[in-house]
Structure formats: C-alpha cells, structure tokens
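Visitor: What follows is target.cif, mmCIF, C-alpha atoms.
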```
data_run
loop_
_atom_site.label_atom_id
_atom_site.label_comp_id
_atom_site.auth_asym_id
_atom_site.auth_seq_id
_atom_site.Cartn_x
_atom_site.Cartn_y
_atom_site.Cartn_z
CA MET A 1 -105.02 -77.58 -183.39
CA SER A 2 -103.77 -76.73 -186.87
CA PRO A 3 -100.31 -75.07 -186.83
CA TYR A 4 -101.73 -72.34 -189.09
CA LEU A 5 -104.21 -71.34 -186.36
CA ASP A 6 -101.76 -71.56 -183.47
CA TRP A 7 -100.73 -67.90 -183.50
CA LYS A 8 -98.82 -68.25 -180.23
CA HIS A 9 -96.20 -70.49 -181.88
CA LEU A 10 -96.37 -69.02 -185.41
CA SER A 11 -93.50 -66.86 -186.67
CA PHE A 12 -92.07 -65.61 -189.98
CA ALA A 13 -88.43 -66.05 -191.03
CA ASN A 14 -88.49 -63.22 -193.63
CA PRO A 15 -91.29 -60.80 -192.67
CA ALA A 16 -89.86 -58.08 -194.97
CA TYR A 17 -91.54 -59.80 -197.93
CA PHE A 18 -94.90 -58.62 -196.65
CA GLY A 19 -93.85 -55.33 -198.27
CA LEU A 20 -94.98 -56.85 -201.58
CA LEU A 21 -98.56 -56.33 -200.39
CA LEU A 22 -98.02 -52.62 -200.97
CA LEU A 23 -98.31 -53.39 -204.70
CA ILE A 24 -102.01 -54.18 -204.34
CA PRO A 25 -103.19 -50.51 -204.27
CA PHE A 26 -101.02 -49.87 -207.36
CA MET A 27 -102.57 -52.89 -209.10
CA ILE A 28 -106.07 -51.60 -208.34
CA TRP A 29 -105.19 -48.16 -209.72
CA TRP A 30 -103.66 -49.69 -212.86
CA GLN A 31 -106.68 -51.92 -213.35
CA GLN A 32 -109.06 -48.95 -213.21
CA ARG A 33 -106.86 -46.93 -215.53
CA SER A 34 -106.65 -49.77 -218.07
CA LYS A 35 -110.43 -50.16 -218.09
CA ARG A 36 -110.90 -46.51 -218.96
CA ASN A 37 -108.33 -46.63 -221.78
CA ASP A 38 -109.51 -49.92 -223.25
CA ASN A 39 -113.23 -49.12 -223.47
CA PRO A 40 -114.07 -48.10 -227.09
CA SER A 41 -116.72 -45.42 -227.65
CA ILE A 42 -119.55 -45.49 -230.25
CA ARG A 43 -121.80 -42.54 -231.01
CA LEU A 44 -125.49 -43.50 -231.20
CA THR A 45 -128.52 -41.31 -231.92
CA THR A 46 -130.65 -43.31 -229.48
CA LEU A 47 -130.20 -46.03 -226.83
CA SER A 48 -133.65 -47.49 -227.20
CA GLY A 49 -132.41 -50.40 -229.22
CA ILE A 50 -129.90 -51.60 -226.66
CA ALA A 51 -131.51 -50.41 -223.42
CA ASN A 52 -132.70 -53.89 -222.50
CA VAL A 53 -129.54 -55.73 -223.52
CA LYS A 54 -127.95 -57.40 -220.46
CA PRO A 55 -124.20 -58.07 -220.19
CA THR A 56 -123.10 -61.65 -220.82
CA TRP A 57 -121.75 -63.87 -218.08
CA LYS A 58 -118.25 -63.37 -219.48
CA VAL A 59 -118.51 -59.65 -218.85
CA ARG A 60 -119.88 -60.14 -215.35
CA PHE A 61 -117.20 -62.65 -214.33
CA ARG A 62 -114.23 -60.97 -216.01
CA PRO A 63 -113.17 -59.26 -212.67
CA VAL A 64 -112.36 -62.77 -211.42
CA LEU A 65 -109.09 -62.50 -213.37
CA PHE A 66 -108.01 -59.51 -211.30
CA VAL A 67 -109.07 -61.21 -208.06
CA LEU A 68 -106.96 -64.26 -208.95
CA ARG A 69 -103.96 -62.04 -209.61
CA VAL A 70 -104.33 -60.31 -206.24
CA LEU A 71 -104.74 -63.64 -204.45
CA SER A 72 -101.59 -64.98 -206.11
CA LEU A 73 -99.65 -61.91 -204.90
CA VAL A 74 -100.96 -62.28 -201.33
CA ALA A 75 -100.15 -66.01 -201.23
CA LEU A 76 -96.70 -65.39 -202.75
CA SER A 77 -95.93 -62.71 -200.15
CA ILE A 78 -96.84 -65.08 -197.31
CA ALA A 79 -94.82 -67.92 -198.84
CA LEU A 80 -91.72 -65.72 -199.25
CA ALA A 81 -92.11 -64.51 -195.65
CA ARG A 82 -91.69 -68.21 -194.66
CA PRO A 83 -94.28 -68.92 -191.94
CA GLN A 84 -92.92 -71.35 -189.35
CA SER A 85 -94.46 -73.21 -186.44
CA SER A 86 -92.14 -73.41 -183.46
CA ASN A 87 -92.16 -76.04 -180.72
CA THR A 88 -90.07 -75.43 -177.60
CA THR A 89 -88.85 -78.18 -175.28
CA GLU A 90 -87.05 -77.63 -171.99
CA ASN A 91 -84.72 -79.84 -170.01
CA ILE A 92 -84.46 -78.84 -166.35
CA ASP A 93 -81.34 -79.93 -164.47
CA SER A 94 -81.79 -79.21 -160.77
CA GLU A 95 -79.32 -79.73 -157.94
CA GLY A 96 -82.04 -79.87 -155.29
CA VAL A 97 -81.76 -79.30 -151.57
CA ASP A 98 -83.42 -81.69 -149.10
CA ILE A 99 -84.97 -79.67 -146.27
CA VAL A 100 -86.86 -80.73 -143.15
CA LEU A 101 -88.86 -78.20 -141.16
CA SER A 102 -88.80 -79.13 -137.47
CA ILE A 103 -91.41 -77.07 -135.61
CA ASP A 104 -92.11 -76.85 -131.89
CA VAL A 105 -95.82 -77.38 -131.11
CA SER A 106 -95.61 -77.29 -127.31
CA GLY A 107 -98.21 -75.43 -125.24
CA SER A 108 -96.03 -72.33 -124.97
CA MET A 109 -96.34 -71.89 -128.74
CA LEU A 110 -99.84 -70.54 -128.10
CA ALA A 111 -98.34 -67.36 -126.63
CA GLU A 112 -99.74 -64.28 -128.36
CA ASP A 113 -96.66 -62.12 -128.71
CA PHE A 114 -97.00 -63.19 -132.39
CA GLN A 115 -100.26 -62.72 -134.30
CA PRO A 116 -102.47 -64.65 -133.86
CA ASN A 117 -100.01 -66.80 -131.89
CA ARG A 118 -96.58 -68.33 -132.30
CA VAL A 119 -97.61 -71.63 -133.86
CA GLU A 120 -99.95 -70.02 -136.43
CA ALA A 121 -97.29 -67.45 -137.34
CA ALA A 122 -94.75 -70.28 -137.79
CA LYS A 123 -97.17 -72.18 -140.05
CA LYS A 124 -97.81 -69.13 -142.24
CA VAL A 125 -94.16 -68.33 -142.94
CA ALA A 126 -93.36 -72.02 -143.44
CA LEU A 127 -96.10 -72.29 -146.09
CA ASN A 128 -94.66 -69.28 -147.91
CA PHE A 129 -91.18 -70.79 -147.68
CA VAL A 130 -92.39 -74.03 -149.29
CA ASP A 131 -93.79 -72.05 -152.23
CA GLN A 132 -90.33 -70.53 -152.80
CA ARG A 133 -88.65 -73.95 -153.13
CA PRO A 134 -90.39 -75.58 -156.15
CA THR A 135 -87.47 -77.86 -157.09
CA ASP A 136 -86.54 -79.06 -153.58
CA ARG A 137 -87.74 -82.00 -151.54
CA LEU A 138 -89.13 -80.96 -148.18
CA GLY A 139 -90.40 -82.73 -145.09
CA LEU A 140 -92.04 -81.82 -141.78
CA VAL A 141 -91.32 -82.89 -138.20
CA ILE A 142 -93.21 -81.61 -135.16
CA PHE A 143 -92.12 -81.92 -131.55
CA SER A 144 -93.07 -80.96 -128.00
CA GLY A 145 -92.51 -83.54 -125.25
CA GLU A 146 -91.93 -86.08 -128.05
CA SER A 147 -91.40 -85.87 -131.79
CA PHE A 148 -93.34 -87.06 -134.82
CA THR A 149 -92.79 -87.08 -138.59
CA GLN A 150 -95.78 -85.20 -139.93
CA CYS A 151 -94.63 -85.56 -143.56
CA PRO A 152 -91.57 -87.42 -144.97
CA ILE A 153 -89.45 -85.49 -147.45
CA THR A 154 -91.30 -85.22 -150.73
CA ILE A 155 -91.40 -83.23 -153.97
CA ASP A 156 -95.21 -83.17 -153.74
CA HIS A 157 -95.50 -79.80 -152.03
CA ASN A 158 -99.30 -79.88 -152.01
CA VAL A 159 -99.22 -82.86 -149.65
CA LEU A 160 -96.63 -81.14 -147.47
CA LYS A 161 -98.65 -77.91 -147.29
CA GLU A 162 -101.79 -79.85 -146.38
CA GLN A 163 -99.95 -81.54 -143.50
CA LEU A 164 -98.37 -78.27 -142.44
CA SER A 165 -101.72 -76.50 -142.29
CA GLN A 166 -103.06 -79.18 -139.92
CA ILE A 167 -100.45 -78.88 -137.17
CA LYS A 168 -101.48 -77.28 -133.89
CA SER A 169 -100.42 -77.21 -130.28
CA GLY A 170 -101.58 -80.18 -128.23
CA LEU A 171 -101.06 -82.89 -130.85
CA LEU A 172 -98.26 -84.43 -128.77
CA MET A 173 -97.39 -84.82 -125.10
CA ASP A 174 -96.47 -81.40 -123.73
CA GLY A 175 -92.90 -80.35 -123.04
CA THR A 176 -89.95 -79.19 -125.13
CA ALA A 177 -87.76 -82.00 -126.49
CA ILE A 178 -85.36 -80.11 -128.73
CA GLY A 179 -83.06 -83.13 -128.97
CA MET A 180 -85.91 -85.33 -130.18
CA GLY A 181 -87.05 -82.74 -132.71
CA LEU A 182 -83.53 -82.51 -134.13
CA ALA A 183 -82.82 -86.26 -134.08
CA THR A 184 -86.08 -87.15 -135.86
CA ALA A 185 -85.40 -84.53 -138.54
CA VAL A 186 -81.88 -85.94 -139.07
CA ASP A 187 -83.37 -89.42 -139.39
CA ARG A 188 -85.59 -88.15 -142.23
CA LEU A 189 -82.45 -86.97 -144.05
CA ARG A 190 -80.19 -89.98 -143.50
CA TYR A 191 -80.71 -91.45 -146.97
CA ALA A 192 -81.55 -88.24 -148.80
CA LYS A 193 -79.69 -87.78 -152.10
CA GLY A 194 -79.92 -84.02 -152.49
CA LYS A 195 -76.91 -81.77 -152.95
CA SER A 196 -77.45 -80.40 -149.44
CA LYS A 197 -79.22 -81.63 -146.32
CA VAL A 198 -80.81 -78.89 -144.26
CA ILE A 199 -82.93 -78.67 -141.12
CA ILE A 200 -84.78 -75.54 -140.02
CA LEU A 201 -85.53 -76.04 -136.33
CA LEU A 202 -87.96 -73.60 -134.69
CA THR A 203 -88.63 -73.51 -130.96
CA ASP A 204 -89.63 -71.09 -128.22
CA GLY A 205 -88.28 -72.84 -125.14
CA VAL A 206 -85.62 -74.77 -123.26
CA ASN A 207 -85.06 -78.51 -123.64
CA ASN A 208 -86.72 -80.16 -120.62
CA THR A 209 -87.61 -83.69 -121.75
CA GLY A 210 -87.03 -86.33 -124.43
CA LEU A 211 -85.18 -89.60 -124.89
CA ILE A 212 -82.32 -87.95 -126.81
CA ASP A 213 -80.53 -84.94 -125.40
CA PRO A 214 -79.73 -82.04 -127.79
CA ILE A 215 -75.94 -82.57 -127.75
CA THR A 216 -76.31 -86.20 -128.83
CA ALA A 217 -78.69 -85.10 -131.58
CA LEU A 218 -76.14 -82.47 -132.61
CA GLU A 219 -73.42 -85.11 -132.99
CA ILE A 220 -75.77 -87.24 -135.10
CA ALA A 221 -76.48 -84.26 -137.37
CA LYS A 222 -72.77 -83.60 -137.79
CA SER A 223 -72.08 -87.23 -138.64
CA TYR A 224 -74.62 -87.09 -141.51
CA LYS A 225 -73.36 -83.65 -142.65
CA VAL A 226 -76.71 -82.00 -142.01
CA ARG A 227 -76.71 -78.19 -141.78
CA VAL A 228 -79.08 -76.84 -139.13
CA TYR A 229 -80.63 -73.38 -139.02
CA THR A 230 -82.14 -72.69 -135.60
CA ILE A 231 -84.82 -70.12 -134.83
CA GLY A 232 -85.81 -68.94 -131.37
CA VAL A 233 -89.30 -67.38 -131.37
CA GLY A 234 -90.53 -65.09 -128.60
CA THR A 235 -90.42 -61.48 -127.49
CA GLU A 236 -88.18 -60.16 -124.73
CA GLY A 237 -89.29 -60.50 -121.11
CA GLN A 238 -92.87 -61.74 -120.86
CA ALA A 239 -95.56 -62.69 -123.35
CA PRO A 240 -99.37 -63.00 -123.03
CA PHE A 241 -100.46 -66.63 -122.78
CA PRO A 242 -104.07 -67.93 -122.80
CA MET A 243 -104.81 -69.87 -119.58
CA GLN A 244 -107.87 -71.90 -118.70
CA THR A 245 -109.39 -70.59 -115.45
CA PRO A 246 -112.70 -71.19 -113.60
CA PHE A 247 -113.87 -68.00 -115.29
CA GLY A 248 -112.94 -69.15 -118.81
CA ILE A 249 -109.83 -68.52 -120.87
CA GLN A 250 -107.87 -65.51 -119.68
CA LYS A 251 -104.51 -64.13 -120.71
CA GLN A 252 -101.64 -64.19 -118.28
CA MET A 253 -98.13 -62.88 -118.71
CA MET A 254 -95.57 -65.67 -118.79
CA PRO A 255 -91.76 -65.37 -118.94
CA VAL A 256 -90.07 -66.00 -122.30
CA GLN A 257 -87.26 -68.54 -121.93
CA ILE A 258 -85.23 -69.57 -124.96
CA ASP A 259 -81.99 -71.56 -124.73
CA GLU A 260 -80.13 -69.30 -127.17
CA ALA A 261 -76.75 -70.73 -126.15
CA LEU A 262 -77.83 -74.25 -127.19
CA LEU A 263 -79.48 -73.11 -130.43
CA THR A 264 -76.39 -71.08 -131.34
CA LYS A 265 -74.13 -74.08 -130.65
CA ILE A 266 -76.25 -76.41 -132.83
CA ALA A 267 -76.27 -73.96 -135.72
CA LYS A 268 -72.59 -73.04 -135.51
CA GLU A 269 -71.25 -76.58 -135.31
CA THR A 270 -73.32 -77.80 -138.26
CA GLY A 271 -72.53 -74.85 -140.53
CA GLY A 272 -75.90 -73.19 -140.11
CA LYS A 273 -77.00 -69.98 -138.42
CA TYR A 274 -79.02 -69.02 -135.34
CA TYR A 275 -81.84 -66.44 -135.59
CA ARG A 276 -84.00 -64.76 -132.98
CA ALA A 277 -87.54 -63.80 -134.04
CA ARG A 278 -89.36 -61.33 -131.79
CA ASN A 279 -92.37 -60.69 -134.02
CA ASN A 280 -94.09 -61.81 -137.21
CA LYS A 281 -92.11 -59.53 -139.50
CA ALA A 282 -88.79 -60.71 -138.10
CA LEU A 283 -89.84 -64.34 -138.59
CA GLU A 284 -90.70 -63.66 -142.24
CA SER A 285 -87.30 -62.01 -142.75
CA ILE A 286 -85.52 -65.00 -141.22
CA TYR A 287 -87.11 -67.50 -143.61
CA ALA A 288 -86.37 -65.15 -146.51
CA ASP A 289 -82.72 -65.05 -145.46
CA ILE A 290 -82.51 -68.84 -145.21
CA ASP A 291 -84.11 -69.08 -148.64
CA LYS A 292 -81.29 -66.92 -150.04
CA LEU A 293 -78.55 -68.87 -148.24
CA GLU A 294 -79.83 -72.23 -149.48
CA LYS A 295 -80.31 -71.43 -153.14
CA THR A 296 -80.95 -74.33 -155.48
CA LYS A 297 -78.96 -74.47 -158.73
CA VAL A 298 -81.36 -74.91 -161.63
CA GLU A 299 -80.20 -75.10 -165.25
CA ILE A 300 -82.80 -74.91 -168.01
CA SER A 301 -81.83 -75.92 -171.55
CA SER A 302 -84.30 -74.71 -174.16
CA TYR A 303 -84.61 -76.24 -177.64
CA LYS A 304 -86.75 -74.80 -180.45
CA HIS A 305 -87.90 -76.89 -183.39
CA TYR A 306 -89.30 -75.17 -186.50
CA ALA A 307 -91.69 -76.63 -189.07
CA GLU A 308 -91.88 -74.81 -192.42
CA LEU A 309 -95.44 -73.86 -193.44
CA PHE A 310 -94.77 -71.90 -196.66
CA PHE A 311 -95.48 -74.69 -199.17
CA PRO A 312 -99.33 -74.48 -199.19
CA PHE A 313 -99.14 -70.71 -199.78
CA ALA A 314 -96.64 -71.13 -202.61
CA LEU A 315 -98.93 -73.76 -204.15
CA VAL A 316 -101.94 -71.43 -203.90
CA ALA A 317 -99.93 -68.61 -205.53
CA ILE A 318 -98.94 -70.84 -208.48
CA ILE A 319 -102.47 -72.22 -208.94
CA CYS A 320 -104.06 -68.74 -208.87
CA LEU A 321 -101.50 -67.37 -211.32
CA LEU A 322 -101.84 -70.30 -213.76
CA LEU A 323 -105.64 -70.23 -213.51
CA GLU A 324 -105.67 -66.51 -214.27
CA MET A 325 -103.45 -67.00 -217.33
CA VAL A 326 -105.49 -69.93 -218.65
CA LEU A 327 -108.79 -68.09 -218.25
CA ARG A 328 -107.43 -64.87 -219.74
CA TYR A 329 -106.28 -66.58 -222.95
CA THR A 330 -109.21 -68.98 -223.30
CA VAL A 331 -112.59 -68.20 -221.79
CA PHE A 332 -112.01 -64.47 -221.33
CA ARG A 333 -109.83 -63.95 -224.40
CA SER A 334 -110.20 -60.49 -225.82
CA ILE A 335 -110.73 -59.98 -229.57
CA THR A 336 -108.97 -56.59 -229.55
#
```
Could you express the structure from this file as structure tokens?

Guide:
Amino acid sequence: MSPYLDWKHLSFANPAYFGLLLLIPFMIWWQQRSKRNDNPSIRLTTLSGIANVKPTWKVRFRPVLFVLRVLSLVALSIALARPQSSNTTENIDSEGVDIVLSIDVSGSMLAEDFQPNRVEAAKKVALNFVDQRPTDRLGLVIFSGESFTQCPITIDHNVLKEQLSQIKSGLLMDGTAIGMGLATAVDRLRYAKGKSKVIILLTDGVNNTGLIDPITALEIAKSYKVRVYTIGVGTEGQAPFPMQTPFGIQKQMMPVQIDEALLTKIAKETGGKYYRARNNKALESIYADIDKLEKTKVEISSYKHYAELFFPFALVAIICLLLEMVLRYTVFRSIT
C-alpha cells in the first residue's frame, strides 16, 4: 500500500501550516473583485451585430490560471506541514515463568459440589489462567492412581488448551497419587530455563496410591527449586456424587476428605501457598491470586521510524506556480 494512502501511519510534523489554506476564500474574493474592475465597458446602440459572437478558447480557459494558483497554495501548505509515514517496531524482552498445571482426574472429581462438577470447573479456570499468561511456557500433567504428561511445557498455548479441554475423569487408573502427580510435574520442569519454575497442583483427596510418596516428591521439588501452589477442591462435609446403580445413575452423598496438612506442607516448604476452594467462585479467585503472585516481567522497547513525504507536494506546488506564470505571460497575456 502506498504510504500516502496509509492514513493509520500518516502524520504531519508541522500541521499549523494548514492555516495557509484560509487564504483560498480571500483569493476567490480578490479574483472576483479584480474581474469586475478590469472589465471595460462600451456603450452600443444595439447588440444584434455581436449577439452570435462566441468567446474564444483563450477566454474560456483563462480561469485555469486561477485554478493553478490555488493548487500551488494547497500543495505548498501540505509540503510545509511535512507529511510523514511512521513505522513502529517493538522488541519484547520477557523474563518468562515456566508453569505446570497438575490436575487430579480421579473418580471423586466428578462430585457435583462444583458446577457442573469438580473436574469441569477445574478445566474452565485453568483455561482462563492460560489466557492470562501469554509470555509464559506452560505444561499439563494429570494424575489419579498414576500420572501422565498430557502436554509438555510449551509456548504454543493453543496446543495446551486443546489438551486441557480433553481431560476427563477415568483416563487413568483410579486412585489419588498426589506424590506421582507432583513428581511428574517436577520432571517436566527439570531442564526448564525460565526465571521461575512453578507447579499448580489441584486435588480433592488423600494420597492413597502411587510409586512415589508425596514427601519424596516434595524433596525432589525442593532440590530443583520448584515453587508449588496447592489447591484442595471440595465443600465441607459431604458432596453429591453420581453413582451407577441397577436403576441408573443416582446421586449419593459422599464425605469430602482432603489432606490439607500435606498440601500445606508441600506449599510452605517450596515457597508456595495452599488454597482451599469450596465452590466455583472461590476456585476462580485462587487462580487469579496465583496469577498476581507469579507476574512475568515484560519489557517492550518501541522504535518509530519516519519517512518524509513532503517532496512530491513541494514539486507539485513549484510546477503549478511556474506553469501559471508561463501561461499568464505567454498564451493568456493581456494587452491592457
């Protein structure tokens, strides 16, 4: 696209010179006044002799001189205003944070004390969290009776969100292996080069299986300087849980058991924080708080480059002015 048509990046260094355009009405008035004063008058007894006389082409085209003068003033005003085309480049320097989301997908995550259930509520807030971290690398680990890397840490958040949207309860052997979920997440961060290494571990139960116990996983996290934020999800007391019965799926009240002592210990010893989410709104607030605590430092350096566009207008002004002078004193030269 021509820089003269790219209005978005077009600017004027000296816009005050557009004030010269206010001379155009004065020039029109002066032109009309001069025509009245310069027209000689002749008294005739009859017009029959000249009624059919047509004006010559010189008379018809004489207003061209005034048009050229106006065009030269317009072009000169634009040239003096100095039109410029700007081009902005940005350098982004980001001290990113490497984050792994470790999410419990055990059968108890189908409890409906969250809407529509715990696992779907966890997916929704995690997706929103990913959108708030555009410059960070993120990964996803799921666990129940075992653990699995659903998505290695990546800057391609579309891939991560696609994998996150596909998780559901029942993908892995049932149980709650908190140690495995933590250890696998730490393994994803071992060689990460971000400024900070963070795990957000979400669960609704008590560790009851797994090849690695939670305390061993905690020591591994500490050795790799990984900060862990732990989230316990579940209401107080009992929660409705869908159960398969001979009469179809029916809801039964099941006790809510969360090892808050363990989750608090993991968070405290790694420099993180433990949260308890009792409903959807609380879970959203928790992720928002973690987002604030783990802010990424982003520095943007902006550079503007200007290209001067006044020359063509100055050239047009000179050509129009010279052409008007040449025509006035040659072709349209007055004998009076």

Visitor: Just how far from atom CA of A:Ser165 is atom CA of A:Ile231, in Å to one decimal?

Guide: 19.5 Å

Visitor: Tell me which protein, DNA and RNA residues are within 6 Å of stretch 11-20 of chain A, counting all atoms listed in the file, leaving out same-chain ones fewer than 4 positions away, and put them as a JSON list (two decimals) with C-alpha atoms, in the coordinates of the input.

Guide:
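Resulting contents of selection_27.json:
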```json
[["chain", "number", "residue", "atom", "x", "y", "z"],
["A", 77, "SER", "CA", -95.93, -62.71, -200.15],
["A", 81, "ALA", "CA", -92.11, -64.51, -195.65],
["A", 82, "ARG", "CA", -91.69, -68.21, -194.66],
["A", 83, "PRO", "CA", -94.28, -68.92, -191.94],
["A", 84, "GLN", "CA", -92.92, -71.35, -189.35]]
```

Visitor: Please tell me which residues are no farther than 9 Å from (-83.1, -76.2, -136.7) in the file, counting only C-alpha atoms, and write them as a PyMOL selection string.

Guide: chain A and resi 100-103+181-182+185+198-203+227-231+263+266-267+272-274

Visitor: What does the distance from atom CA of A:Gln257 to atom CA of A:Asp204 come to in Å, to one decimal?

Guide: 7.2 Å

Visitor: Take the PyMOL selection byres ((chain A and resi 308) around 12), run it mentally on this structure, and tell me the resulting residues as a PyMOL selection string.

Guide: chain A and resi 3-4+10-13+78-87+305-307+309-314
